[in-house]
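Since the structure comes first, as structure tokens, the remarks are kept for the end.
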Amino acid sequence: MPDSNIIDIRISDIRQLFNSLDPSPFHERDLDREAEEFIVGWADEYPLQSPLELVIRVPHEQLDQARQSNIPQAVHNYFSYRAVASARRIRFQLREGRFALAMGLAFLAVCILLRQLAGSITPAPLQQVFQEGLLILGWVAMWRPLQLFLYDWWPVRHHGRLYRKLATMKVSVLAA
């Protein structure tokens, strides 16, 4: 594996790698927020299809404890959980998008109907202001559904794919 695909972390204590407030057993603990950001940030620098390796360097006197703690399994478990959470988030966003689309289309239909009724207003400039205002208002109501369906889900999908990759990467624990 080429060196360019290695994410190297040096820690002074293996407890730095995990969230100290998480009461779960060691192999099921959440990663520390800063450790996760570091790993994900570096992993995002490499092409998604290229292999990665995480090298965790601990003080020599903690090497046996680190290997007994099964850190690779803990890292894999954490990123597997994050991948599943990303898939759930995409499903939620698409469900929210469908609801927002239904609401937006209904509101747009009401605005178009009111626009037609505004045609009966006699002063022409006032009529045009109401008609155009209602049309714009109706299309503005479509902003959120279109944003959800066209843009918002892409970053979540990307992070889900990245987390799946991190859940399967090689993790090595070495002496610093």
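Residue numbering restarts at 1 in every chain; chains get A, B, ... in the order shown in the structure tokens, and ligands count up from 1 in that same order.
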
Selection: 8 Å around range 43-52 of chain A, only C-alpha atoms, excl. self and same-chain fewer than 4 positions, as a ChimeraX atom specification: /A:1,5-7,39,161-162,165-166,169-170

Include N, CA and C atoms and write out the residues we just selected as a PDB file, in the first residue's frame.
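Below is the file that was written, out_28.pdb:
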```
ATOM      1  N   MET A   1       0.855  -1.177   0.000  1.00  0.00           N
ATOM      2  CA  MET A   1       0.000   0.000   0.000  1.00  0.00           C
ATOM      3  C   MET A   1       0.901   1.239   0.000  1.00  0.00           C
ATOM      4  N   ASN A   5      -1.497   6.846   1.077  1.00  0.00           N
ATOM      5  CA  ASN A   5      -2.813   6.435   1.543  1.00  0.00           C
ATOM      6  C   ASN A   5      -2.826   6.067   3.024  1.00  0.00           C
ATOM      7  N   ILE A   6      -1.814   6.473   3.738  1.00  0.00           N
ATOM      8  CA  ILE A   6      -1.730   6.170   5.166  1.00  0.00           C
ATOM      9  C   ILE A   6      -2.127   7.403   5.967  1.00  0.00           C
ATOM     10  N   ILE A   7      -3.048   7.187   6.896  1.00  0.00           N
ATOM     11  CA  ILE A   7      -3.429   8.229   7.851  1.00  0.00           C
ATOM     12  C   ILE A   7      -2.727   7.869   9.144  1.00  0.00           C
ATOM     13  N   ILE A  39      -9.395  11.907  11.134  1.00  0.00           N
ATOM     14  CA  ILE A  39      -9.406  10.731  10.259  1.00  0.00           C
ATOM     15  C   ILE A  39     -10.255  10.988   9.015  1.00  0.00           C
ATOM     16  N   ARG A 161     -20.567   7.029   1.964  1.00  0.00           N
ATOM     17  CA  ARG A 161     -19.609   6.204   1.210  1.00  0.00           C
ATOM     18  C   ARG A 161     -18.230   6.251   1.859  1.00  0.00           C
ATOM     19  N   LEU A 162     -17.845   7.430   2.330  1.00  0.00           N
ATOM     20  CA  LEU A 162     -16.556   7.574   3.003  1.00  0.00           C
ATOM     21  C   LEU A 162     -16.533   6.763   4.297  1.00  0.00           C
ATOM     22  N   LYS A 165     -16.074   3.150   3.609  1.00  0.00           N
ATOM     23  CA  LYS A 165     -14.675   2.877   3.286  1.00  0.00           C
ATOM     24  C   LYS A 165     -13.839   2.821   4.563  1.00  0.00           C
ATOM     25  N   LEU A 166     -14.064   3.766   5.465  1.00  0.00           N
ATOM     26  CA  LEU A 166     -13.311   3.796   6.722  1.00  0.00           C
ATOM     27  C   LEU A 166     -13.644   2.591   7.602  1.00  0.00           C
ATOM     28  N   MET A 169     -11.207  -0.133   6.324  1.00  0.00           N
ATOM     29  CA  MET A 169      -9.783   0.130   6.122  1.00  0.00           C
ATOM     30  C   MET A 169      -8.940  -0.684   7.100  1.00  0.00           C
ATOM     31  N   LYS A 170      -7.707  -0.893   6.732  1.00  0.00           N
ATOM     32  CA  LYS A 170      -6.764  -1.574   7.616  1.00  0.00           C
ATOM     33  C   LYS A 170      -6.383  -0.618   8.744  1.00  0.00           C
TER      34      LYS A 170
END
```

Expected answer as a PyMOL selection string: helix (DSSP H, G or I) residues in range 43-146 of chain A: chain A and resi 43+60-68+71-118+124-140+143-146

Take the selection from the previous step and output its residues with C-alpha atoms, as a JSON list (two decimals), in the first residue's frame.
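result_36.json was written with the following content:
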```json
[["chain", "number", "residue", "atom", "x", "y", "z"],
["A", 43, "ALA", "CA", -9.56, 10.21, 4.27],
["A", 60, "HIS", "CA", 5.68, 1.85, 23.70],
["A", 61, "GLU", "CA", 4.52, 1.09, 27.25],
["A", 62, "GLN", "CA", 0.86, 1.15, 26.13],
["A", 63, "LEU", "CA", 1.31, -1.01, 23.04],
["A", 64, "ASP", "CA", 0.21, -4.28, 24.70],
["A", 65, "GLN", "CA", -2.83, -2.62, 26.29],
["A", 66, "ALA", "CA", -3.75, -1.01, 22.95],
["A", 67, "ARG", "CA", -3.55, -4.34, 21.13],
["A", 68, "GLN", "CA", -5.64, -6.07, 23.81],
["A", 71, "ILE", "CA", -8.76, -0.75, 18.60],
["A", 72, "PRO", "CA", -9.18, -1.85, 14.95],
["A", 73, "GLN", "CA", -12.56, -3.42, 15.77],
["A", 74, "ALA", "CA", -13.61, -0.30, 17.70],
["A", 75, "VAL", "CA", -12.69, 1.95, 14.75],
["A", 76, "HIS", "CA", -14.50, -0.32, 12.29],
["A", 77, "ASN", "CA", -17.59, -0.50, 14.53],
["A", 78, "TYR", "CA", -17.70, 3.27, 14.87],
["A", 79, "PHE", "CA", -17.46, 4.01, 11.15],
["A", 80, "SER", "CA", -19.96, 1.23, 10.35],
["A", 81, "TYR", "CA", -22.39, 2.91, 12.70],
["A", 82, "ARG", "CA", -21.75, 6.29, 11.04],
["A", 83, "ALA", "CA", -22.36, 4.75, 7.58],
["A", 84, "VAL", "CA", -25.72, 3.36, 8.75],
["A", 85, "ALA", "CA", -26.58, 6.74, 10.31],
["A", 86, "SER", "CA", -25.81, 8.47, 6.98],
["A", 87, "ALA", "CA", -28.12, 6.09, 5.12],
["A", 88, "ARG", "CA", -30.87, 6.84, 7.66],
["A", 89, "ARG", "CA", -30.28, 10.56, 7.23],
["A", 90, "ILE", "CA", -30.64, 10.30, 3.43],
["A", 91, "ARG", "CA", -33.91, 8.39, 3.83],
["A", 92, "PHE", "CA", -35.15, 11.05, 6.26],
["A", 93, "GLN", "CA", -34.14, 13.87, 3.91],
["A", 94, "LEU", "CA", -35.89, 12.25, 0.96],
["A", 95, "ARG", "CA", -39.03, 11.66, 3.07],
["A", 96, "GLU", "CA", -38.86, 15.31, 4.17],
["A", 97, "GLY", "CA", -38.39, 16.28, 0.52],
["A", 98, "ARG", "CA", -41.51, 14.38, -0.54],
["A", 99, "PHE", "CA", -43.56, 16.09, 2.17],
["A", 100, "ALA", "CA", -42.10, 19.50, 1.28],
["A", 101, "LEU", "CA", -42.80, 18.84, -2.41],
["A", 102, "ALA", "CA", -46.44, 18.00, -1.70],
["A", 103, "MET", "CA", -46.81, 21.13, 0.43],
["A", 104, "GLY", "CA", -44.98, 23.27, -2.11],
["A", 105, "LEU", "CA", -47.07, 22.04, -5.04],
["A", 106, "ALA", "CA", -50.29, 22.58, -3.10],
["A", 107, "PHE", "CA", -49.20, 26.10, -2.18],
["A", 108, "LEU", "CA", -48.13, 26.80, -5.77],
["A", 109, "ALA", "CA", -51.55, 25.62, -7.01],
["A", 110, "VAL", "CA", -53.28, 27.94, -4.53],
["A", 111, "CYS", "CA", -51.07, 30.84, -5.63],
["A", 112, "ILE", "CA", -51.84, 30.17, -9.30],
["A", 113, "LEU", "CA", -55.55, 30.00, -8.50],
["A", 114, "LEU", "CA", -55.37, 33.29, -6.56],
["A", 115, "ARG", "CA", -53.38, 34.75, -9.46],
["A", 116, "GLN", "CA", -56.26, 33.97, -11.78],
["A", 117, "LEU", "CA", -58.70, 35.58, -9.35],
["A", 118, "ALA", "CA", -56.45, 38.65, -9.12],
["A", 124, "ALA", "CA", -54.18, 47.19, -14.26],
["A", 125, "PRO", "CA", -50.93, 48.09, -12.40],
["A", 126, "LEU", "CA", -52.32, 46.72, -9.12],
["A", 127, "GLN", "CA", -53.58, 43.61, -10.90],
["A", 128, "GLN", "CA", -50.14, 42.95, -12.39],
["A", 129, "VAL", "CA", -48.40, 43.43, -9.00],
["A", 130, "PHE", "CA", -50.74, 40.90, -7.34],
["A", 131, "GLN", "CA", -50.48, 38.41, -10.19],
["A", 132, "GLU", "CA", -46.70, 38.51, -10.39],
["A", 133, "GLY", "CA", -46.33, 38.56, -6.60],
["A", 134, "LEU", "CA", -48.47, 35.45, -6.22],
["A", 135, "LEU", "CA", -46.57, 33.64, -8.97],
["A", 136, "ILE", "CA", -43.22, 34.47, -7.36],
["A", 137, "LEU", "CA", -44.53, 33.47, -3.92],
["A", 138, "GLY", "CA", -45.69, 30.12, -5.29],
["A", 139, "TRP", "CA", -42.32, 29.37, -6.86],
["A", 140, "VAL", "CA", -40.45, 30.46, -3.74],
["A", 143, "TRP", "CA", -37.35, 26.30, -3.12],
["A", 144, "ARG", "CA", -36.96, 23.88, -0.19],
["A", 145, "PRO", "CA", -38.19, 20.74, -1.98],
["A", 146, "LEU", "CA", -35.94, 21.47, -4.93]]
```

DSSP on the backbone, then: every residue of chain A marked strand (DSSP E or B), written as a short mmCIF file (atom, residue, chain, number, x, y, z; two decimals) with N, CA and C atoms, in the first residue's frame.
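Dumped everything to result-v1.cif:
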```cif
data_model
loop_
_atom_site.label_atom_id
_atom_site.label_comp_id
_atom_site.auth_asym_id
_atom_site.auth_seq_id
_atom_site.Cartn_x
_atom_site.Cartn_y
_atom_site.Cartn_z
N ILE A 6 -1.81 6.47 3.74
CA ILE A 6 -1.73 6.17 5.17
C ILE A 6 -2.13 7.40 5.97
N ILE A 7 -3.05 7.19 6.90
CA ILE A 7 -3.43 8.23 7.85
C ILE A 7 -2.73 7.87 9.14
N ASP A 8 -1.86 8.73 9.59
CA ASP A 8 -1.00 8.45 10.75
C ASP A 8 -1.42 9.32 11.93
N ILE A 9 -1.74 8.68 13.06
CA ILE A 9 -2.13 9.40 14.27
C ILE A 9 -1.16 9.03 15.38
N ARG A 10 -0.67 10.03 16.07
CA ARG A 10 0.17 9.81 17.25
C ARG A 10 -0.60 10.29 18.48
N PHE A 18 -10.84 7.81 22.04
CA PHE A 18 -12.26 7.54 22.24
C PHE A 18 -12.91 8.57 23.14
N LEU A 31 -15.68 7.30 18.75
CA LEU A 31 -14.39 7.96 18.64
C LEU A 31 -14.50 9.37 19.20
N GLU A 53 -5.13 3.12 4.97
CA GLU A 53 -4.68 2.44 6.18
C GLU A 53 -4.57 3.48 7.27
N LEU A 54 -5.09 3.14 8.43
CA LEU A 54 -4.98 4.01 9.60
C LEU A 54 -3.91 3.43 10.49
N VAL A 55 -2.88 4.23 10.77
CA VAL A 55 -1.80 3.81 11.67
C VAL A 55 -1.92 4.66 12.93
N ILE A 56 -2.14 3.98 14.05
CA ILE A 56 -2.26 4.64 15.33
C ILE A 56 -0.99 4.36 16.12
N ARG A 57 -0.25 5.41 16.44
CA ARG A 57 1.00 5.25 17.17
C ARG A 57 0.78 5.62 18.63
N VAL A 58 1.06 4.65 19.49
CA VAL A 58 0.89 4.84 20.93
C VAL A 58 2.25 4.72 21.61
N LYS A 170 -7.71 -0.89 6.73
CA LYS A 170 -6.76 -1.57 7.62
C LYS A 170 -6.38 -0.62 8.74
N VAL A 171 -6.42 -1.11 9.97
CA VAL A 171 -6.04 -0.30 11.14
C VAL A 171 -4.90 -1.02 11.84
N SER A 172 -3.80 -0.29 12.01
CA SER A 172 -2.62 -0.85 12.68
C SER A 172 -2.32 -0.01 13.91
N VAL A 173 -1.91 -0.70 14.97
CA VAL A 173 -1.49 -0.03 16.20
C VAL A 173 -0.01 -0.33 16.37
N LEU A 174 0.80 0.73 16.38
CA LEU A 174 2.25 0.59 16.46
C LEU A 174 2.80 1.43 17.61
N ALA A 175 4.00 1.09 18.02
CA ALA A 175 4.67 1.88 19.06
C ALA A 175 5.18 3.18 18.42
#
```

Pick from A:Met142, A:Leu17, A:Ile11, A:Tyr151, whichever lies nearest to Glu34 in chain A using only C-alpha atoms: A:Leu17

CA of Glu37 in chain A to CA of Arg15 in chain A, straight-line distance in Å: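 Those two atoms sit 16.3 Å apart.
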